[in-house]
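Trainee: Dropping in target.cif, with mmCIF, C-alpha atoms (C1' of nucleotides).
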```
data_upload
loop_
_atom_site.group_PDB
_atom_site.id
_atom_site.type_symbol
_atom_site.label_atom_id
_atom_site.label_comp_id
_atom_site.auth_asym_id
_atom_site.auth_seq_id
_atom_site.Cartn_x
_atom_site.Cartn_y
_atom_site.Cartn_z
ATOM 1 C CA MET A 1 3.290 -38.161 6.656
ATOM 2 C CA PRO A 2 5.484 -35.312 7.943
ATOM 3 C CA ILE A 3 2.585 -33.191 9.193
ATOM 4 C CA SER A 4 -0.121 -34.613 11.413
ATOM 5 C CA SER A 5 -3.198 -32.417 11.147
ATOM 6 C CA ASP A 6 -4.392 -33.572 14.573
ATOM 7 C CA VAL A 7 -1.147 -32.586 16.261
ATOM 8 C CA LEU A 8 -0.935 -29.258 14.442
ATOM 9 C CA ILE A 9 -4.559 -28.299 15.089
ATOM 10 C CA ASP A 10 -4.209 -29.188 18.768
ATOM 11 C CA TRP A 11 -1.066 -27.092 19.001
ATOM 12 C CA PHE A 12 -2.891 -24.160 17.397
ATOM 13 C CA ALA A 13 -5.784 -24.458 19.835
ATOM 14 C CA GLU A 14 -3.363 -24.132 22.733
ATOM 15 C CA GLN A 15 -0.660 -21.838 21.388
ATOM 16 C CA GLY A 16 -2.362 -19.761 18.682
ATOM 17 C CA ARG A 17 -2.603 -16.033 19.358
ATOM 18 C CA ASP A 18 -5.901 -14.456 20.318
ATOM 19 C CA LEU A 19 -6.100 -11.950 17.468
ATOM 20 C CA PRO A 20 -9.261 -9.870 17.019
ATOM 21 C CA TRP A 21 -9.886 -11.041 13.458
ATOM 22 C CA ARG A 22 -9.854 -14.639 14.691
ATOM 23 C CA ARG A 23 -12.573 -14.168 17.280
ATOM 24 C CA PRO A 24 -15.954 -15.785 16.647
ATOM 25 C CA GLY A 25 -17.771 -12.468 16.366
ATOM 26 C CA CYS A 26 -15.500 -11.146 13.632
ATOM 27 C CA THR A 27 -17.290 -10.650 10.313
ATOM 28 C CA PRO A 28 -15.967 -11.741 6.901
ATOM 29 C CA TRP A 29 -15.411 -8.040 6.226
ATOM 30 C CA GLY A 30 -13.195 -7.850 9.317
ATOM 31 C CA VAL A 31 -11.242 -10.841 8.055
ATOM 32 C CA LEU A 32 -10.812 -9.292 4.613
ATOM 33 C CA VAL A 33 -9.578 -5.986 6.054
ATOM 34 C CA SER A 34 -7.091 -7.849 8.236
ATOM 35 C CA GLU A 35 -5.758 -9.883 5.326
ATOM 36 C CA ILE A 36 -5.124 -6.814 3.194
ATOM 37 C CA MET A 37 -3.464 -4.943 6.047
ATOM 38 C CA LEU A 38 -1.304 -7.933 6.937
ATOM 39 C CA GLN A 39 0.214 -8.165 3.462
ATOM 40 C CA GLN A 40 3.938 -7.629 4.086
ATOM 41 C CA THR A 41 3.114 -5.960 7.381
ATOM 42 C CA PRO A 42 3.643 -7.251 10.954
ATOM 43 C CA VAL A 43 0.668 -8.016 13.203
ATOM 44 C CA ALA A 44 1.748 -5.534 15.863
ATOM 45 C CA ARG A 45 1.456 -2.617 13.466
ATOM 46 C CA VAL A 46 -1.801 -3.794 11.919
ATOM 47 C CA GLN A 47 -3.829 -4.422 15.049
ATOM 48 C CA PRO A 48 -4.507 -0.841 16.231
ATOM 49 C CA ILE A 49 -5.296 0.365 12.702
ATOM 50 C CA TRP A 50 -7.595 -2.604 12.128
ATOM 51 C CA GLU A 51 -9.515 -1.756 15.323
ATOM 52 C CA GLU A 52 -9.984 1.821 14.132
ATOM 53 C CA TRP A 53 -11.119 0.764 10.668
ATOM 54 C CA LEU A 54 -13.662 -1.773 11.866
ATOM 55 C CA ALA A 55 -15.146 0.683 14.356
ATOM 56 C CA ARG A 56 -15.304 3.427 11.748
ATOM 57 C CA TRP A 57 -16.264 1.346 8.709
ATOM 58 C CA PRO A 58 -18.041 -1.778 9.991
ATOM 59 C CA ARG A 59 -19.342 -2.764 6.557
ATOM 60 C CA PRO A 60 -17.973 -2.553 3.000
ATOM 61 C CA SER A 61 -20.570 0.083 2.073
ATOM 62 C CA ALA A 62 -19.365 2.297 4.922
ATOM 63 C CA LEU A 63 -15.797 2.274 3.629
ATOM 64 C CA ALA A 64 -17.005 2.753 0.080
ATOM 65 C CA ALA A 65 -18.799 5.932 1.178
ATOM 66 C CA ALA A 66 -15.568 7.435 2.518
ATOM 67 C CA GLY A 67 -13.270 9.565 0.388
ATOM 68 C CA GLN A 68 -9.935 8.302 -0.888
ATOM 69 C CA GLY A 69 -7.955 10.906 1.013
ATOM 70 C CA GLU A 70 -9.764 10.019 4.212
ATOM 71 C CA VAL A 71 -8.937 6.370 3.646
ATOM 72 C CA LEU A 72 -5.276 7.117 2.963
ATOM 73 C CA ARG A 73 -5.023 9.174 6.157
ATOM 74 C CA ALA A 74 -6.600 6.364 8.154
ATOM 75 C CA TRP A 75 -4.134 3.946 6.593
ATOM 76 C CA GLY A 76 -1.436 6.030 8.263
ATOM 77 C CA ARG A 77 2.040 4.571 8.016
ATOM 78 C CA LEU A 78 1.093 0.953 7.406
ATOM 79 C CA GLY A 79 2.991 1.088 4.131
ATOM 80 C CA TYR A 80 2.155 0.215 0.533
ATOM 81 C CA PRO A 81 -0.729 2.738 0.510
ATOM 82 C CA ARG A 82 -1.979 1.458 -2.831
ATOM 83 C CA ARG A 83 -3.425 -1.359 -0.735
ATOM 84 C CA ALA A 84 -5.724 1.188 0.902
ATOM 85 C CA LEU A 85 -7.023 2.420 -2.443
ATOM 86 C CA ARG A 86 -7.549 -1.132 -3.668
ATOM 87 C CA LEU A 87 -9.399 -2.096 -0.507
ATOM 88 C CA HIS A 88 -11.550 0.991 -0.932
ATOM 89 C CA ALA A 89 -12.320 -0.053 -4.511
ATOM 90 C CA ALA A 90 -12.983 -3.630 -3.419
ATOM 91 C CA ALA A 91 -15.410 -2.366 -0.772
ATOM 92 C CA ASP A 92 -17.238 -0.387 -3.424
ATOM 93 C CA ALA A 93 -17.526 -3.444 -5.674
ATOM 94 C CA ILE A 94 -18.720 -5.594 -2.773
ATOM 95 C CA ALA A 95 -21.323 -3.007 -1.794
ATOM 96 C CA ARG A 96 -22.602 -2.506 -5.327
ATOM 97 C CA GLU A 97 -22.308 -5.956 -6.847
ATOM 98 C CA HIS A 98 -22.483 -8.386 -3.935
ATOM 99 C CA GLY A 99 -25.162 -6.960 -1.674
ATOM 100 C CA ASP A 100 -22.591 -5.610 0.797
ATOM 101 C CA GLU A 101 -21.509 -9.166 1.637
ATOM 102 C CA VAL A 102 -17.904 -10.305 1.191
ATOM 103 C CA PRO A 103 -17.951 -13.146 -1.365
ATOM 104 C CA SER A 104 -17.071 -16.632 -0.121
ATOM 105 C CA ASP A 105 -16.103 -18.038 -3.505
ATOM 106 C CA VAL A 106 -12.408 -17.963 -4.409
ATOM 107 C CA ASP A 107 -12.909 -16.965 -8.038
ATOM 108 C CA THR A 108 -15.281 -14.154 -7.106
ATOM 109 C CA LEU A 109 -12.799 -12.902 -4.538
ATOM 110 C CA LEU A 110 -9.961 -13.068 -7.064
ATOM 111 C CA ALA A 111 -11.842 -10.652 -9.303
ATOM 112 C CA LEU A 112 -11.708 -7.926 -6.647
ATOM 113 C CA PRO A 113 -8.859 -5.373 -6.668
ATOM 114 C CA GLY A 114 -5.975 -6.115 -4.300
ATOM 115 C CA ILE A 115 -7.044 -9.709 -3.758
ATOM 116 C CA GLY A 116 -4.656 -12.289 -5.163
ATOM 117 C CA ALA A 117 -4.112 -16.019 -4.792
ATOM 118 C CA TYR A 118 -3.241 -15.846 -1.106
ATOM 119 C CA THR A 119 -5.867 -13.375 0.103
ATOM 120 C CA ALA A 120 -8.746 -14.965 -1.816
ATOM 121 C CA ARG A 121 -8.099 -18.350 -0.210
ATOM 122 C CA ALA A 122 -7.370 -16.847 3.207
ATOM 123 C CA VAL A 123 -10.789 -15.157 3.190
ATOM 124 C CA ALA A 124 -12.525 -18.306 1.957
ATOM 125 C CA ALA A 125 -10.843 -20.338 4.693
ATOM 126 C CA PHE A 126 -10.776 -17.961 7.675
ATOM 127 C CA ALA A 127 -14.016 -16.066 7.110
ATOM 128 C CA TYR A 128 -16.107 -18.920 5.708
ATOM 129 C CA GLY A 129 -14.400 -22.101 6.884
ATOM 130 C CA ARG A 130 -13.769 -23.345 3.350
ATOM 131 C CA ARG A 131 -11.157 -25.893 2.330
ATOM 132 C CA ALA A 132 -8.571 -24.067 0.199
ATOM 133 C CA PRO A 133 -4.770 -24.106 -0.027
ATOM 134 C CA VAL A 134 -3.696 -20.941 1.783
ATOM 135 C CA VAL A 135 -0.084 -20.275 0.823
ATOM 136 C CA ASP A 136 1.835 -17.385 2.310
ATOM 137 C CA THR A 137 5.512 -16.957 3.130
ATOM 138 C CA ASN A 138 5.093 -18.776 6.461
ATOM 139 C CA VAL A 139 3.406 -21.759 4.893
ATOM 140 C CA ARG A 140 6.007 -21.962 2.145
ATOM 141 C CA ARG A 141 8.771 -22.057 4.738
ATOM 142 C CA VAL A 142 7.089 -24.681 6.932
ATOM 143 C CA VAL A 143 6.415 -26.935 3.945
ATOM 144 C CA ALA A 144 9.942 -26.479 2.616
ATOM 145 C CA ARG A 145 11.323 -27.680 5.930
ATOM 146 C CA ALA A 146 8.851 -30.227 7.257
ATOM 147 C CA VAL A 147 8.035 -31.827 3.894
ATOM 148 C CA HIS A 148 11.020 -31.212 1.645
ATOM 149 C CA GLY A 149 13.796 -31.096 4.236
ATOM 150 C CA ALA A 150 15.167 -27.810 2.913
ATOM 151 C CA GLY A 151 16.383 -24.925 5.057
ATOM 152 C CA ASP A 152 13.965 -22.508 3.457
ATOM 153 C CA ALA A 153 11.565 -22.163 0.561
ATOM 154 C CA GLY A 154 12.987 -21.627 -2.910
ATOM 155 C CA PRO A 155 11.599 -19.104 -5.391
ATOM 156 C CA PRO A 156 7.794 -19.076 -5.316
ATOM 157 C CA SER A 157 5.806 -20.958 -7.915
ATOM 158 C CA ASN A 158 2.133 -20.502 -7.252
ATOM 159 C CA THR A 159 0.994 -23.646 -8.994
ATOM 160 C CA ARG A 160 3.540 -25.904 -7.321
ATOM 161 C CA ASP A 161 3.208 -24.268 -3.902
ATOM 162 C CA MET A 162 -0.572 -24.640 -3.881
ATOM 163 C CA ALA A 163 -0.354 -28.257 -5.026
ATOM 164 C CA ASP A 164 2.076 -28.966 -2.173
ATOM 165 C CA VAL A 165 -0.317 -27.534 0.386
ATOM 166 C CA GLU A 166 -3.403 -29.052 -1.206
ATOM 167 C CA ALA A 167 -1.840 -32.469 -0.639
ATOM 168 C CA LEU A 168 -1.502 -31.724 3.071
ATOM 169 C CA LEU A 169 -5.020 -30.407 3.692
ATOM 170 C CA PRO A 170 -7.323 -32.641 5.740
ATOM 171 C CA ALA A 171 -10.628 -33.586 4.175
ATOM 172 C CA GLY A 172 -13.359 -31.566 5.873
ATOM 173 C CA ASP A 173 -13.937 -27.881 5.205
ATOM 174 C CA ALA A 174 -13.766 -26.794 8.832
ATOM 175 C CA ARG A 175 -10.718 -28.904 9.645
ATOM 176 C CA ALA A 176 -8.906 -27.794 6.510
ATOM 177 C CA ALA A 177 -9.502 -24.142 7.396
ATOM 178 C CA ARG A 178 -8.272 -24.752 10.933
ATOM 179 C CA PHE A 179 -5.237 -26.577 9.588
ATOM 180 C CA SER A 180 -4.405 -23.676 7.286
ATOM 181 C CA ALA A 181 -4.522 -21.170 10.135
ATOM 182 C CA ALA A 182 -2.378 -23.478 12.239
ATOM 183 C CA LEU A 183 0.239 -23.927 9.521
ATOM 184 C CA MET A 184 0.589 -20.159 9.146
ATOM 185 C CA GLU A 185 0.749 -19.660 12.888
ATOM 186 C CA LEU A 186 3.462 -22.292 13.240
ATOM 187 C CA GLY A 187 5.549 -20.438 10.677
ATOM 188 C CA ALA A 188 4.956 -17.138 12.435
ATOM 189 C CA LEU A 189 5.713 -18.300 15.968
ATOM 190 C CA VAL A 190 7.923 -21.411 15.816
ATOM 191 C CA CYS A 191 9.215 -22.283 12.350
ATOM 192 C CA THR A 192 10.523 -18.757 11.844
ATOM 193 C CA ALA A 193 12.922 -17.532 9.196
ATOM 194 C CA ARG A 194 15.896 -16.587 11.365
ATOM 195 C CA SER A 195 16.105 -18.811 14.412
ATOM 196 C CA PRO A 196 13.451 -21.508 14.387
ATOM 197 C CA ARG A 197 12.368 -22.769 17.806
ATOM 198 C CA CYS A 198 12.563 -26.437 16.929
ATOM 199 C CA ALA A 199 12.541 -27.380 20.615
ATOM 200 C CA ASP A 200 8.999 -25.996 20.847
ATOM 201 C CA CYS A 201 7.759 -27.443 17.562
ATOM 202 C CA PRO A 202 4.932 -29.993 17.605
ATOM 203 C CA LEU A 203 6.083 -31.418 14.259
ATOM 204 C CA THR A 204 9.742 -32.279 14.969
ATOM 205 C CA GLU A 205 9.032 -35.986 15.043
ATOM 206 C CA GLY A 206 8.061 -36.100 11.382
ATOM 207 C CA CYS A 207 10.026 -33.075 10.173
ATOM 208 C CA ALA A 208 12.132 -33.851 7.098
ATOM 209 C CA TRP A 209 14.479 -30.947 7.802
ATOM 210 C CA GLN A 210 15.083 -32.224 11.328
ATOM 211 C CA HIS A 211 15.803 -35.723 10.022
ATOM 212 C CA ALA A 212 18.207 -34.350 7.422
ATOM 213 C CA GLY A 213 20.219 -32.627 10.144
ATOM 214 C CA ARG A 214 18.797 -29.153 9.473
ATOM 215 C CA PRO A 215 20.910 -28.331 6.409
ATOM 216 C CA ALA A 216 21.323 -24.678 5.466
ATOM 217 C CA TYR A 217 19.274 -23.229 2.630
ATOM 218 C CA ALA A 218 20.899 -24.316 -0.630
ATOM 219 C CA GLY A 219 18.709 -22.570 -3.211
ATOM 220 C CA PRO A 220 19.370 -19.427 -5.221
ATOM 221 C CA ALA A 221 20.013 -16.242 -3.261
ATOM 222 C CA LYS A 222 16.902 -14.211 -2.650
ATOM 223 C CA PRO A 223 16.853 -10.741 -4.177
ATOM 224 C CA VAL A 224 17.480 -8.016 -1.604
ATOM 225 C CA GLN A 225 15.250 -4.992 -1.747
ATOM 226 C CA ARG A 226 17.039 -1.729 -1.054
ATOM 227 C CA TYR A 227 14.988 1.040 0.419
ATOM 228 C CA ALA A 228 16.928 4.149 1.451
ATOM 229 C CA GLY A 229 17.224 6.472 -1.518
ATOM 230 C CA THR A 230 14.946 4.467 -3.796
ATOM 231 C CA ASP A 231 11.836 5.752 -5.530
ATOM 232 C CA ARG A 232 9.790 3.872 -2.954
ATOM 233 C CA TYR A 233 11.503 5.871 -0.242
ATOM 234 C CA VAL A 234 10.986 9.206 -1.988
ATOM 235 C CA ARG A 235 7.324 8.421 -2.681
ATOM 236 C CA GLY A 236 6.973 7.753 1.018
ATOM 237 C CA LEU A 237 8.465 11.139 1.849
ATOM 238 C CA LEU A 238 6.138 12.934 -0.563
ATOM 239 C CA LEU A 239 3.041 11.165 0.714
ATOM 240 C CA GLU A 240 3.973 11.874 4.314
ATOM 241 C CA VAL A 241 3.910 15.604 3.521
ATOM 242 C CA LEU A 242 0.399 15.349 2.094
ATOM 243 C CA ARG A 243 -0.857 13.120 4.908
ATOM 244 C CA SER A 244 0.300 15.639 7.497
ATOM 245 C CA THR A 245 -1.616 18.610 6.078
ATOM 246 C CA SER A 246 -5.306 19.146 5.490
ATOM 247 C CA GLU A 247 -4.864 21.756 2.767
ATOM 248 C CA PRO A 248 -3.265 21.253 -0.656
ATOM 249 C CA VAL A 249 0.417 22.200 -0.719
ATOM 250 C CA GLU A 250 2.557 24.113 -3.192
ATOM 251 C CA LYS A 251 5.073 22.088 -5.149
ATOM 252 C CA SER A 252 7.847 23.900 -3.246
ATOM 253 C CA ARG A 253 6.687 22.098 -0.109
ATOM 254 C CA LEU A 254 7.309 18.794 -1.858
ATOM 255 C CA ASP A 255 10.571 19.873 -3.438
ATOM 256 C CA ILE A 256 12.275 20.342 -0.088
ATOM 257 C CA VAL A 257 11.964 16.692 0.960
ATOM 258 C CA TRP A 258 14.376 15.370 -1.678
ATOM 259 C CA SER A 259 17.174 17.241 -3.386
ATOM 260 C CA GLN A 260 17.417 15.288 -6.643
ATOM 261 C CA ALA A 261 14.886 17.005 -8.871
ATOM 262 C CA GLY A 262 14.765 14.293 -11.511
ATOM 263 C CA GLN A 263 13.963 11.516 -9.106
ATOM 264 C CA ARG A 264 11.609 13.710 -7.116
ATOM 265 C CA ASP A 265 9.544 14.645 -10.168
ATOM 266 C CA ARG A 266 9.486 11.090 -11.441
ATOM 267 C CA CYS A 267 8.126 9.956 -8.090
ATOM 268 C CA LEU A 268 5.496 12.674 -7.958
ATOM 269 C CA ASP A 269 4.409 11.737 -11.482
ATOM 270 C CA SER A 270 4.114 8.090 -10.529
ATOM 271 C CA LEU A 271 2.040 8.996 -7.462
ATOM 272 C CA LEU A 272 -0.315 10.961 -9.707
ATOM 273 C CA VAL A 273 -0.534 8.018 -12.101
ATOM 274 C CA ASP A 274 -1.264 5.655 -9.203
ATOM 275 C CA GLY A 275 -4.036 7.909 -7.956
ATOM 276 C CA LEU A 276 -2.342 8.458 -4.613
ATOM 277 C CA VAL A 277 -1.946 12.189 -5.286
ATOM 278 C CA GLU A 278 -4.095 14.726 -7.100
ATOM 279 C CA GLN A 279 -3.309 18.147 -8.480
ATOM 280 C CA THR A 280 -5.807 20.901 -7.722
ATOM 281 C CA ALA A 281 -7.096 23.369 -10.308
ATOM 282 C CA ASP A 282 -4.634 25.979 -9.051
ATOM 283 C CA GLY A 283 -1.675 23.618 -9.426
ATOM 284 C CA ARG A 284 -1.190 22.547 -5.828
ATOM 285 C CA PHE A 285 -0.982 18.930 -4.641
ATOM 286 C CA ALA A 286 -3.149 16.924 -2.246
ATOM 287 C CA LEU A 287 -4.363 13.470 -1.380
ATOM 288 C CA PRO A 288 -7.065 12.406 -3.839
ATOM 289 C CA GLY A 289 -10.728 13.280 -3.554
ATOM 290 C CA GLU A 290 -10.472 16.005 -0.938
ATOM 291 C CA HIS A 291 -10.618 19.175 -3.035
ATOM 292 C "C1'" DT B 1 8.914 -14.150 -13.828
ATOM 293 C "C1'" DA B 2 11.471 -10.478 -12.029
ATOM 294 C "C1'" DG B 3 11.064 -6.026 -10.375
ATOM 295 C "C1'" DC B 4 8.475 -2.653 -8.253
ATOM 296 C "C1'" DC B 5 5.464 -0.922 -4.514
ATOM 297 C "C1'" DG B 6 6.303 1.576 2.191
ATOM 298 C "C1'" DT B 7 7.550 1.221 6.727
ATOM 299 C "C1'" DG B 8 9.508 0.009 11.116
ATOM 300 C "C1'" DG B 9 11.429 -3.456 14.274
ATOM 301 C "C1'" DT B 10 15.346 -6.368 15.151
ATOM 302 C "C1'" DG B 11 19.387 -9.911 15.711
ATOM 303 C "C1'" DT C 1 25.265 -1.031 12.754
ATOM 304 C "C1'" DC C 2 22.667 -2.502 8.992
ATOM 305 C "C1'" DA C 3 20.877 -6.220 6.338
ATOM 306 C "C1'" DC C 4 17.118 -8.840 6.920
ATOM 307 C "C1'" DC C 5 12.429 -9.578 7.609
ATOM 308 C "C1'" DA C 6 7.007 -8.997 7.985
ATOM 309 C "C1'" DA C 7 -0.319 -12.963 6.554
ATOM 310 C "C1'" DG C 8 1.402 -10.186 -1.290
ATOM 311 C "C1'" DG C 9 -0.350 -8.100 -5.540
ATOM 312 C "C1'" DC C 10 0.335 -6.327 -9.990
ATOM 313 C "C1'" DT C 11 2.549 -5.779 -14.381
#
```
Could you express the structure from this file as structure tokens?
Mentor:
Amino acid sequence: MPISSDVLIDWFAEQGRDLPWRRPGCTPWGVLVSEIMLQQTPVARVQPIWEEWLARWPRPSALAAAGQGEVLRAWGRLGYPRRALRLHAAADAIAREHGDEVPSDVDTLLALPGIGAYTARAVAAFAYGRRAPVVDTNVRRVVARAVHGAGDAGPPSNTRDMADVEALLPAGDARAARFSAALMELGALVCTARSPRCADCPLTEGCAWQHAGRPAYAGPAKPVQRYAGTDRYVRGLLLEVLRSTSEPVEKSRLDIVWSQAGQRDRCLDSLLVDGLVEQTADGRFALPGEH
DNA sequence: TAGCCGTGGTG
DNA sequence: TCACCAAGGCT
């Protein structure tokens, strides 16, 4: 048994961070907003935006009543702005179809836009105290090391990864939810990707990686995502122009941010397709739903 | 399943 | 400096 739930849960009680979406008064809606914002995004950047959102839109119906452009502006520079539109759409569905209450059932959550295998189970566990295998990048790394003795997780396989974690979950709902939060926190604070703090780890005694002599990662190389000069980068430049102005802009204002016309136009087209940009009747460009 | 989708901090 | 990394989802 490489992971003692008692030891891990005790460690979490003492060392876990006091984050606003973990406080007792936080609503399931607050938890859901945090989970979407935290996708591929560090806690430090999420926290101030989360505070603003919860104060401004304390319930799903409140967010649903806002315009898309407003929501995209409030999203600011968190990144992956399609998340903001999906959360907006999810809020609308929750308000209309679920009585303005965030669902607690994994399958119901999975049906909402922007909510996948991780987020659905994270909400079930952290907002409702349900027993569910919550598998994110931190959990995959901790399990790879502590259970499998590998330096890092291999390529993700949702079915296998969830089965791995399911086997580790303690029996009760509340304890399983606590355990899941603790496992993630251990990966975030101690069992980190670059330089793990094994000296501070509560699980070293049973850790398979430790016993194997901490071998380096031996799996296939992970694909590296370039950014500078990519379409993702250019889309970011275009959106930043629209976020920074309240009035629709002429295309010439967008053309100056990137010299390669072909790539620039392709990116603008894709933003229109994604619903992140709209064209006004007179041919100018703006964030959606504002004109 | 691999590739795409933003952004900023860091070792 | 610059590649890597950060609570994924969708197609």
Trainee: Using the chain letters and numbers from the file, which residues does the PyMOL selection byres ((chain A and resi 230-237) around 12) grab, as JSON, numbers by chain?
Mentor: {"A": [76, 77, 78, 79, 80, 81, 82, 225, 226, 227, 228, 229, 238, 239, 240, 241, 242, 243, 244, 253, 254, 255, 256, 257, 258, 259, 260, 261, 262, 263, 264, 265, 266, 267, 268, 269, 270, 271, 272, 274, 276, 277], "B": [4, 5, 6, 7]}
Trainee: Can you give me, as a PDB file with C-alpha atoms (C1' of nucleotides), in the frame of the given file, the residues this file yields under the PyMOL selection byres ((chain A and resi 30-47) around 7)?
Mentor:
```
ATOM      1  CA  TRP A  21      -9.886 -11.041  13.458  1.00  0.00           C
ATOM      2  CA  CYS A  26     -15.500 -11.146  13.632  1.00  0.00           C
ATOM      3  CA  THR A  27     -17.290 -10.650  10.313  1.00  0.00           C
ATOM      4  CA  PRO A  28     -15.967 -11.741   6.901  1.00  0.00           C
ATOM      5  CA  TRP A  29     -15.411  -8.040   6.226  1.00  0.00           C
ATOM      6  CA  PRO A  48      -4.507  -0.841  16.231  1.00  0.00           C
ATOM      7  CA  ILE A  49      -5.296   0.365  12.702  1.00  0.00           C
ATOM      8  CA  TRP A  50      -7.595  -2.604  12.128  1.00  0.00           C
ATOM      9  CA  GLU A  51      -9.515  -1.756  15.323  1.00  0.00           C
ATOM     10  CA  LEU A  54     -13.662  -1.773  11.866  1.00  0.00           C
ATOM     11  CA  ARG A  83      -3.425  -1.359  -0.735  1.00  0.00           C
ATOM     12  CA  THR A 119      -5.867 -13.375   0.103  1.00  0.00           C
ATOM     13  CA  VAL A 123     -10.789 -15.157   3.190  1.00  0.00           C
ATOM     14  CA  ALA A 127     -14.016 -16.066   7.110  1.00  0.00           C
TER      15      ALA A 127
ATOM     16  C1'  DA C   6       7.007  -8.997   7.985  1.00  0.00           C
ATOM     17  C1'  DA C   7      -0.319 -12.963   6.554  1.00  0.00           C
ATOM     18  C1'  DG C   8       1.402 -10.186  -1.290  1.00  0.00           C
TER      19       DG C   8
END
```
Trainee: Could you check how far CA of Gly16 in chain A sits from CA of Ser180 in chain A, in Å to one decimal?
Mentor: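 If I compute the distance from CA of Gly16 in chain A to CA of Ser180 in chain A, I get 12.2 Å.
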Trainee: I'd like the interatomic distance between CA of Pro288 in chain A and CA of Gly69 in chain A, to a tenth of an Å.
Mentor: 5.2 Å
Trainee: Determine the residue membership of the PyMOL selection byres ((chain C and resi 10) around 9) for the file above and supply it as a PyMOL selection string.
Mentor: (chain A and resi 114) or (chain C and resi 9+11)
Trainee: Hey, can you check how far CA of Arg178 in chain A sits from CA of Phe12 in chain A?
Mentor: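 Separation between CA of Arg178 in chain A and CA of Phe12 in chain A: 8.4 Å.
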Trainee: Return the single residue from A:Gly172, A:Gly206, A:Pro248, A:Pro155 that is closest to chain B, with distances computed using all atoms listed in the file.
Mentor: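 For chain B, the nearest of the given residues is A:Pro155.
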Trainee: Determine the axis-aligned bounding box of all atoms of range 10-26 of chain A present in the file, pad each side by 4 Å, and express its centre and edge lengths in Å to one decimal place as lines of an AutoDock Vina configuration file.
Mentor:
```
center_x = -9.2
center_y = -19.5
center_z = 18.1
size_x = 25.1
size_y = 27.3
size_z = 17.3
```
Trainee: Which residues are close to Ala182 in chain A, i.e. within 12 Å by only C-alpha atoms (C1' of nucleotides), leaving aside same-chain residues fewer than 4 positions away? Reply as a PyMOL selection string.
Mentor: chain A and resi 3-17+22+125-126+134+138-139+142+169+175-178+186-191+202-203
Trainee: Within 8 Å of Gly289 in chain A, counting all atoms listed in the file, which residues show up once you throw out same-chain ones fewer than 4 positions away? Write them as a ChimeraX atom specification, please.
Mentor: /A:67-69,278
Trainee: Find the spatial neighbours of DC5 in chain C, counting only C-alpha atoms (C1' of nucleotides), within a cut-off of 9 Å - ignore same-chain residues fewer than 2 positions away - and output them as a PyMOL selection string.
Mentor: (chain A and resi 193-194) or (chain B and resi 10)
Trainee: Which residue out of A:Thr204, A:Arg130, A:Arg214, A:Ser195 has the minimum interatomic distance to chain B when all atoms listed in the file are used?
Mentor: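 Among A:Thr204, A:Arg130, A:Arg214, A:Ser195, it is A:Ser195 that comes nearest to chain B.
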Trainee: Would you be able to write out as a list of chain:residue names which residues have an atom within 12 Å of (15.0, -33.8, 14.7) in the file's coordinates, counting all atoms listed in the file?
Mentor: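 Residues lying no farther than 12 Å from the given point: A:Pro2, A:Arg145, A:Ala146, A:Gly149, A:Arg197, A:Cys198, A:Ala199, A:Asp200, A:Cys201, A:Pro202, A:Leu203, A:Thr204, A:Glu205, A:Gly206, A:Cys207, A:Ala208, A:Trp209, A:Gln210, A:His211, A:Ala212, A:Gly213, A:Arg214, A:Pro215.
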